[in-house]
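Peer 1: Just dropping this structure here.
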Amino acid sequence: MSLSLYDVSIPTFLHSLRSLKAILEKAVAHAEARKFDANVFASMRLYPDMLPLARQIQIASDAAKGAAARLSGTEPPKFEDTETTMAELIARVNKTIDYLEGFKPQQFDGDDNRIITVKTPRTSLNFKAVDFVRHWALPNFFFHVTTTYALLRHGGVEIGKLDYLGPIPQT
């Protein structure tokens with residue numbers, strides 16, 4: 001059985017974004033139950049030189065929608081990075097899910113060795129499409145989702161590995 005670039009990217013992004021949304025909602029419920037403003041989570045950092053939770057979510061969103069756009073040869077929607085509340089961050093995750101749900105597998109058909117270019121503030125990186133997914137898009141996405149999980153767990157939210165993994169399809 002061979003997997004397409006769609007198969008290894010879009011369903012994976014969607015599954016993890018839905019889990020991310022669920023842990024964000026648990027964070028809001030946690031704050032409400034303890035009578036504090038859930039929005040304090042948005043500015044939490046693991047260390048002073050690391051980006052805050054809000055930025056982690058924005059980058060995870062950008063990573064998923066950017067990967068989908070690059071792999072399908074389309075332009076991603078521009079989401080302004082203005083979210084400062086948990087409600088706005090959850091809405092951002094929902095917008096990303098909605099965008100990714102619009103893709104069809106055939107939009108990703110083509111040469112898995114075609115070149116995908118990623119421009120960063122410091123350089124441009126060129127990948128074969130298959131390597132882009134395996135070594136850039138998915139690891140980058142998961143780095144920021146995992147950091148969000150770690151921030152919320154550090155903040156006392158009662159979440160665990162199964163919350164991070166989300167509902168796992170089984171046969």
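Chain labels follow the order of the structure tokens: the first chain is A, the next B, and so on; residue numbering restarts at 1 in every chain, and ligands are counted from 1 in their shown order.
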A:Val28: which residues within 12 Å, counting only C-alpha atoms, same-chain residues fewer than 6 positions away excluded, as a ChimeraX atom specification?
Peer 2: /A:21-22,34-42,85-90,152,155-158
Peer 1: Could you write out that same residue set with N, CA, C and O atoms as a PDB file, in the first residue's frame?
Peer 2:
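Output below, filename part32.pdb:
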ATOM      1  N   LYS A  21      -7.652  21.698  19.722  1.00  0.00           N
ATOM      2  CA  LYS A  21      -8.869  22.426  20.093  1.00  0.00           C
ATOM      3  C   LYS A  21      -9.437  21.878  21.400  1.00  0.00           C
ATOM      4  O   LYS A  21      -9.812  22.644  22.294  1.00  0.00           O
ATOM      5  N   ALA A  22      -9.462  20.563  21.531  1.00  0.00           N
ATOM      6  CA  ALA A  22     -10.003  19.950  22.747  1.00  0.00           C
ATOM      7  C   ALA A  22      -9.181  20.312  23.982  1.00  0.00           C
ATOM      8  O   ALA A  22      -9.748  20.592  25.044  1.00  0.00           O
ATOM      9  N   ARG A  34     -11.780  27.039  38.379  1.00  0.00           N
ATOM     10  CA  ARG A  34     -10.930  27.571  39.441  1.00  0.00           C
ATOM     11  C   ARG A  34     -11.048  29.091  39.571  1.00  0.00           C
ATOM     12  O   ARG A  34     -10.271  29.713  40.281  1.00  0.00           O
ATOM     13  N   LYS A  35     -11.987  29.645  38.834  1.00  0.00           N
ATOM     14  CA  LYS A  35     -12.325  31.072  38.946  1.00  0.00           C
ATOM     15  C   LYS A  35     -11.165  32.014  38.611  1.00  0.00           C
ATOM     16  O   LYS A  35     -10.909  32.998  39.310  1.00  0.00           O
ATOM     17  N   PHE A  36     -10.449  31.691  37.501  1.00  0.00           N
ATOM     18  CA  PHE A  36      -9.459  32.659  37.025  1.00  0.00           C
ATOM     19  C   PHE A  36      -9.631  32.841  35.530  1.00  0.00           C
ATOM     20  O   PHE A  36     -10.286  32.040  34.860  1.00  0.00           O
ATOM     21  N   ASP A  37      -9.068  33.902  35.013  1.00  0.00           N
ATOM     22  CA  ASP A  37      -9.199  34.265  33.610  1.00  0.00           C
ATOM     23  C   ASP A  37      -8.364  33.317  32.749  1.00  0.00           C
ATOM     24  O   ASP A  37      -7.134  33.308  32.832  1.00  0.00           O
ATOM     25  N   ALA A  38      -9.022  32.546  31.920  1.00  0.00           N
ATOM     26  CA  ALA A  38      -8.335  31.584  31.050  1.00  0.00           C
ATOM     27  C   ALA A  38      -7.371  32.260  30.089  1.00  0.00           C
ATOM     28  O   ALA A  38      -6.413  31.631  29.613  1.00  0.00           O
ATOM     29  N   ASN A  39      -7.589  33.522  29.830  1.00  0.00           N
ATOM     30  CA  ASN A  39      -6.740  34.219  28.863  1.00  0.00           C
ATOM     31  C   ASN A  39      -5.298  34.395  29.344  1.00  0.00           C
ATOM     32  O   ASN A  39      -4.417  34.705  28.543  1.00  0.00           O
ATOM     33  N   VAL A  40      -5.047  34.151  30.636  1.00  0.00           N
ATOM     34  CA  VAL A  40      -3.661  34.207  31.105  1.00  0.00           C
ATOM     35  C   VAL A  40      -2.824  33.118  30.439  1.00  0.00           C
ATOM     36  O   VAL A  40      -1.612  33.280  30.285  1.00  0.00           O
ATOM     37  N   PHE A  41      -3.467  32.034  30.020  1.00  0.00           N
ATOM     38  CA  PHE A  41      -2.727  30.971  29.337  1.00  0.00           C
ATOM     39  C   PHE A  41      -2.103  31.475  28.033  1.00  0.00           C
ATOM     40  O   PHE A  41      -1.040  31.016  27.640  1.00  0.00           O
ATOM     41  N   ALA A  42      -2.776  32.385  27.349  1.00  0.00           N
ATOM     42  CA  ALA A  42      -2.324  32.846  26.030  1.00  0.00           C
ATOM     43  C   ALA A  42      -0.931  33.468  26.059  1.00  0.00           C
ATOM     44  O   ALA A  42      -0.202  33.413  25.061  1.00  0.00           O
ATOM     45  N   THR A  85      -6.863  36.025  23.061  1.00  0.00           N
ATOM     46  CA  THR A  85      -7.725  35.335  24.022  1.00  0.00           C
ATOM     47  C   THR A  85      -7.847  33.864  23.633  1.00  0.00           C
ATOM     48  O   THR A  85      -7.607  33.487  22.479  1.00  0.00           O
ATOM     49  N   MET A  86      -8.252  33.072  24.602  1.00  0.00           N
ATOM     50  CA  MET A  86      -8.441  31.647  24.323  1.00  0.00           C
ATOM     51  C   MET A  86      -9.549  31.441  23.291  1.00  0.00           C
ATOM     52  O   MET A  86      -9.423  30.592  22.418  1.00  0.00           O
ATOM     53  N   ALA A  87     -10.603  32.235  23.371  1.00  0.00           N
ATOM     54  CA  ALA A  87     -11.690  32.114  22.393  1.00  0.00           C
ATOM     55  C   ALA A  87     -11.175  32.406  20.985  1.00  0.00           C
ATOM     56  O   ALA A  87     -11.528  31.700  20.023  1.00  0.00           O
ATOM     57  N   GLU A  88     -10.343  33.423  20.846  1.00  0.00           N
ATOM     58  CA  GLU A  88      -9.780  33.754  19.534  1.00  0.00           C
ATOM     59  C   GLU A  88      -8.837  32.649  19.042  1.00  0.00           C
ATOM     60  O   GLU A  88      -8.806  32.341  17.847  1.00  0.00           O
ATOM     61  N   LEU A  89      -8.084  32.063  19.947  1.00  0.00           N
ATOM     62  CA  LEU A  89      -7.168  30.983  19.557  1.00  0.00           C
ATOM     63  C   LEU A  89      -7.937  29.733  19.135  1.00  0.00           C
ATOM     64  O   LEU A  89      -7.581  29.083  18.148  1.00  0.00           O
ATOM     65  N   ILE A  90      -9.000  29.422  19.840  1.00  0.00           N
ATOM     66  CA  ILE A  90      -9.851  28.288  19.449  1.00  0.00           C
ATOM     67  C   ILE A  90     -10.479  28.573  18.091  1.00  0.00           C
ATOM     68  O   ILE A  90     -10.539  27.685  17.223  1.00  0.00           O
ATOM     69  N   LEU A 152       0.215  24.243  28.702  1.00  0.00           N
ATOM     70  CA  LEU A 152      -1.044  24.061  29.427  1.00  0.00           C
ATOM     71  C   LEU A 152      -0.877  23.085  30.583  1.00  0.00           C
ATOM     72  O   LEU A 152      -1.422  23.297  31.675  1.00  0.00           O
ATOM     73  N   GLY A 155       0.762  24.794  33.257  1.00  0.00           N
ATOM     74  CA  GLY A 155      -0.182  25.725  33.863  1.00  0.00           C
ATOM     75  C   GLY A 155      -1.235  25.051  34.726  1.00  0.00           C
ATOM     76  O   GLY A 155      -2.143  25.720  35.228  1.00  0.00           O
ATOM     77  N   GLY A 156      -1.125  23.735  34.901  1.00  0.00           N
ATOM     78  CA  GLY A 156      -2.033  23.026  35.796  1.00  0.00           C
ATOM     79  C   GLY A 156      -3.237  22.387  35.147  1.00  0.00           C
ATOM     80  O   GLY A 156      -4.051  21.764  35.830  1.00  0.00           O
ATOM     81  N   VAL A 157      -3.379  22.544  33.836  1.00  0.00           N
ATOM     82  CA  VAL A 157      -4.523  21.938  33.159  1.00  0.00           C
ATOM     83  C   VAL A 157      -4.369  20.414  33.223  1.00  0.00           C
ATOM     84  O   VAL A 157      -3.306  19.874  32.925  1.00  0.00           O
ATOM     85  N   GLU A 158      -5.423  19.763  33.618  1.00  0.00           N
ATOM     86  CA  GLU A 158      -5.389  18.309  33.801  1.00  0.00           C
ATOM     87  C   GLU A 158      -5.603  17.615  32.448  1.00  0.00           C
ATOM     88  O   GLU A 158      -6.706  17.182  32.114  1.00  0.00           O
TER      89      GLU A 158
END
Peer 1: Extract, using only C-alpha atoms, all DNA, RNA and protein residues at most 12 Å from A:Ser16, discarding same-chain residues fewer than 4 positions from it, and format them as a ChimeraX atom specification.
Peer 2: /A:9-12,20-23,57,60-61,64,93-94,96-97,138,141-146,148-149,162-168
Peer 1: Report the residues of chain A whose backbone DSSP state falls under alpha helix (DSSP H), written as a ChimeraX atom specification.
Peer 2: /A:5-33,53-72,86-101,129-132,138-154,161-165
Peer 1: Within 12 Å of A:Thr74, counting only C-alpha atoms, which residues show up once you throw out same-chain ones fewer than 3 positions away? Write them as number ranges by chain, please.
Peer 2: A: 65-71, 77, 99, 103, 107-108
Peer 1: For those residues, write C-alpha atoms to a file as a short mmCIF file (atom, residue, chain, number, x, y, z; two decimals), in the first residue's frame.
Peer 2:
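See out_18.cif below for the written result:
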data_model
loop_
_atom_site.label_atom_id
_atom_site.label_comp_id
_atom_site.auth_asym_id
_atom_site.auth_seq_id
_atom_site.Cartn_x
_atom_site.Cartn_y
_atom_site.Cartn_z
CA LYS A 65 -2.22 25.53 6.19
CA GLY A 66 1.13 26.44 4.62
CA ALA A 67 2.03 22.80 4.07
CA ALA A 68 -1.35 22.07 2.50
CA ALA A 69 -1.03 25.05 0.19
CA ARG A 70 2.53 24.24 -0.88
CA LEU A 71 1.71 20.59 -1.52
CA PRO A 77 -5.30 32.11 3.40
CA TYR A 99 -9.51 25.33 5.46
CA PHE A 103 -8.83 19.84 0.24
CA GLN A 107 -5.09 18.17 -5.34
CA PHE A 108 -1.90 16.60 -3.99
#
Peer 1: Near stretch 122-128 of chain A, counting only C-alpha atoms, which residues have an atom at most 12 Å away, once you skip same-chain residues fewer than 4 positions from it, shown as a ChimeraX atom specification?
Peer 2: /A:5,70-71,110-118,132-137
Peer 1: Selected residues, all heavy atoms, written as a short mmCIF file (atom, residue, chain, number, x, y, z; two decimals), in the first residue's frame, please.
Peer 2:
data_model
loop_
_atom_site.label_atom_id
_atom_site.label_comp_id
_atom_site.auth_asym_id
_atom_site.auth_seq_id
_atom_site.Cartn_x
_atom_site.Cartn_y
_atom_site.Cartn_z
N LEU A 5 0.85 12.07 -0.54
CA LEU A 5 1.19 13.22 0.29
C LEU A 5 -0.02 13.74 1.04
O LEU A 5 0.08 14.19 2.18
CB LEU A 5 1.82 14.33 -0.57
CG LEU A 5 3.20 14.00 -1.14
CD1 LEU A 5 3.66 15.12 -2.07
CD2 LEU A 5 4.20 13.75 -0.04
N ARG A 70 1.33 24.56 -0.09
CA ARG A 70 2.53 24.24 -0.88
C ARG A 70 2.37 22.92 -1.61
O ARG A 70 2.73 22.79 -2.77
CB ARG A 70 3.76 24.20 0.02
CG ARG A 70 4.25 25.55 0.46
CD ARG A 70 5.50 25.41 1.34
NE ARG A 70 5.97 26.70 1.78
CZ ARG A 70 5.69 27.23 2.97
NH1 ARG A 70 4.93 26.57 3.83
NH2 ARG A 70 6.16 28.43 3.28
N LEU A 71 1.84 21.92 -0.92
CA LEU A 71 1.71 20.59 -1.52
C LEU A 71 0.65 20.53 -2.60
O LEU A 71 0.72 19.70 -3.51
CB LEU A 71 1.41 19.55 -0.44
CG LEU A 71 2.57 19.30 0.54
CD1 LEU A 71 2.07 18.50 1.74
CD2 LEU A 71 3.71 18.58 -0.17
N GLY A 110 0.79 14.15 -8.01
CA GLY A 110 1.90 14.70 -8.78
C GLY A 110 3.20 14.09 -8.33
O GLY A 110 3.24 13.11 -7.59
N ASP A 111 4.23 14.68 -8.76
CA ASP A 111 5.58 14.20 -8.50
C ASP A 111 5.95 14.45 -7.03
O ASP A 111 6.06 15.60 -6.61
CB ASP A 111 6.54 14.93 -9.44
CG ASP A 111 7.97 14.50 -9.26
OD1 ASP A 111 8.23 13.54 -8.51
OD2 ASP A 111 8.84 15.15 -9.85
N ASP A 112 6.15 13.39 -6.27
CA ASP A 112 6.55 13.52 -4.87
C ASP A 112 7.95 14.09 -4.73
O ASP A 112 8.36 14.45 -3.63
CB ASP A 112 6.47 12.17 -4.16
CG ASP A 112 5.03 11.70 -3.97
OD1 ASP A 112 4.10 12.44 -4.32
OD2 ASP A 112 4.87 10.58 -3.45
N ASN A 113 8.68 14.15 -5.82
CA ASN A 113 10.04 14.70 -5.80
C ASN A 113 10.10 16.16 -6.26
O ASN A 113 11.18 16.72 -6.35
CB ASN A 113 10.97 13.84 -6.66
CG ASN A 113 11.19 12.48 -6.04
OD1 ASN A 113 11.44 12.36 -4.85
ND2 ASN A 113 11.08 11.44 -6.85
N ARG A 114 8.93 16.77 -6.57
CA ARG A 114 8.94 18.18 -6.97
C ARG A 114 9.51 19.01 -5.82
O ARG A 114 9.46 18.62 -4.66
CB ARG A 114 7.55 18.65 -7.37
CG ARG A 114 6.55 18.76 -6.25
CD ARG A 114 5.15 19.09 -6.79
NE ARG A 114 4.15 19.14 -5.77
CZ ARG A 114 3.52 18.10 -5.25
NH1 ARG A 114 3.80 16.89 -5.67
NH2 ARG A 114 2.60 18.25 -4.33
N ILE A 115 10.03 20.16 -6.15
CA ILE A 115 10.71 20.99 -5.16
C ILE A 115 9.72 21.93 -4.47
O ILE A 115 8.94 22.62 -5.12
CB ILE A 115 11.86 21.80 -5.81
CG1 ILE A 115 12.87 20.86 -6.45
CG2 ILE A 115 12.53 22.72 -4.78
CD1 ILE A 115 13.51 19.85 -5.50
N ILE A 116 9.78 21.91 -3.15
CA ILE A 116 9.00 22.81 -2.30
C ILE A 116 10.01 23.77 -1.66
O ILE A 116 10.97 23.33 -1.04
CB ILE A 116 8.25 22.04 -1.20
CG1 ILE A 116 7.31 20.97 -1.78
CG2 ILE A 116 7.52 22.99 -0.26
CD1 ILE A 116 6.07 21.49 -2.45
N THR A 117 9.77 25.06 -1.80
CA THR A 117 10.65 26.05 -1.21
C THR A 117 9.98 26.69 0.00
O THR A 117 8.81 27.08 -0.06
CB THR A 117 11.01 27.14 -2.25
OG1 THR A 117 11.66 26.51 -3.36
CG2 THR A 117 11.91 28.19 -1.66
N VAL A 118 10.73 26.76 1.07
CA VAL A 118 10.27 27.40 2.30
C VAL A 118 11.21 28.56 2.57
O VAL A 118 12.42 28.37 2.66
CB VAL A 118 10.29 26.42 3.49
CG1 VAL A 118 9.90 27.13 4.77
CG2 VAL A 118 9.37 25.23 3.22
N PHE A 132 9.82 17.37 2.38
CA PHE A 132 9.18 18.52 3.01
C PHE A 132 8.17 18.06 4.05
O PHE A 132 8.16 18.54 5.18
CB PHE A 132 8.51 19.41 1.95
CG PHE A 132 7.57 20.42 2.51
CD1 PHE A 132 8.03 21.53 3.19
CD2 PHE A 132 6.19 20.26 2.35
CE1 PHE A 132 7.15 22.48 3.71
CE2 PHE A 132 5.31 21.19 2.87
CZ PHE A 132 5.79 22.30 3.55
N VAL A 133 7.34 17.10 3.68
CA VAL A 133 6.32 16.59 4.61
C VAL A 133 6.99 15.90 5.79
O VAL A 133 6.68 16.18 6.95
CB VAL A 133 5.34 15.63 3.91
CG1 VAL A 133 4.42 14.94 4.91
CG2 VAL A 133 4.52 16.38 2.88
N ARG A 134 7.91 14.98 5.50
CA ARG A 134 8.51 14.15 6.55
C ARG A 134 9.46 14.91 7.47
O ARG A 134 9.50 14.62 8.66
CB ARG A 134 9.30 12.99 5.92
CG ARG A 134 8.42 11.94 5.31
CD ARG A 134 9.22 10.72 4.95
NE ARG A 134 10.26 11.02 3.98
CZ ARG A 134 10.70 10.16 3.07
NH1 ARG A 134 10.22 8.94 3.03
NH2 ARG A 134 11.64 10.50 2.22
N HIS A 135 10.22 15.84 6.91
CA HIS A 135 11.30 16.43 7.69
C HIS A 135 11.12 17.90 8.04
O HIS A 135 11.93 18.46 8.78
CB HIS A 135 12.64 16.25 6.95
CG HIS A 135 12.93 14.81 6.66
ND1 HIS A 135 13.17 13.89 7.66
CD2 HIS A 135 13.00 14.13 5.49
CE1 HIS A 135 13.39 12.70 7.11
NE2 HIS A 135 13.28 12.82 5.80
N TRP A 136 10.07 18.53 7.52
CA TRP A 136 9.82 19.93 7.85
C TRP A 136 8.39 20.16 8.32
O TRP A 136 8.17 20.59 9.45
CB TRP A 136 10.14 20.84 6.66
CG TRP A 136 9.92 22.28 6.98
CD1 TRP A 136 8.79 23.03 6.76
CD2 TRP A 136 10.85 23.16 7.62
NE1 TRP A 136 8.96 24.31 7.22
CE2 TRP A 136 10.22 24.42 7.75
CE3 TRP A 136 12.14 23.01 8.09
CZ2 TRP A 136 10.84 25.52 8.34
CZ3 TRP A 136 12.77 24.11 8.68
CH2 TRP A 136 12.11 25.34 8.79
N ALA A 137 7.42 19.87 7.45
CA ALA A 137 6.03 20.25 7.75
C ALA A 137 5.50 19.57 9.00
O ALA A 137 5.01 20.25 9.91
CB ALA A 137 5.15 19.94 6.54
#
Peer 1: What gap, in Å, lies between atom CA of A:Asp49 and atom CA of A:His154?
Peer 2: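 Taking atom CA of A:Asp49 as the start and atom CA of A:His154 as the end point, the length is 16.6 Å.
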Peer 1: Using Å and a single decimal, report how far atom CA of A:Gln170 sits from atom CA of A:Asn140.
Peer 2: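 Computing the Euclidean distance for atom CA of A:Asn140 and atom CA of A:Gln170 yields 26.1 Å.
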Peer 1: Measuring between only C-alpha atoms, which one of A:Arg45, A:Leu3, A:Asp62, A:Ala29 shows the shortest distance to A:Leu17?
Peer 2: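 Ranking A:Arg45, A:Leu3, A:Asp62, A:Ala29 by distance to A:Leu17, first place goes to A:Asp62.
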Peer 1: Counting only C-alpha atoms, figure out which residue out of A:Lys78, A:Lys26, A:Gly73, A:Ser43 gets nearest to A:Gly160.
Peer 2: A:Lys26
Peer 1: May I ask for the distance between atom CA of A:Ile59 and atom CA of A:Leu46, given in Å to one decimal place?
Peer 2: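 Going from atom CA of A:Ile59 over to atom CA of A:Leu46 covers 16.1 Å.
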Peer 1: Please report, as an MDAnalysis selection string, each residue of stretch 53-146 of chain A to which DSSP assigns strand (DSSP E or B) when run on this structure's backbone.
Peer 2: chainID A and resid 115:119 124:128
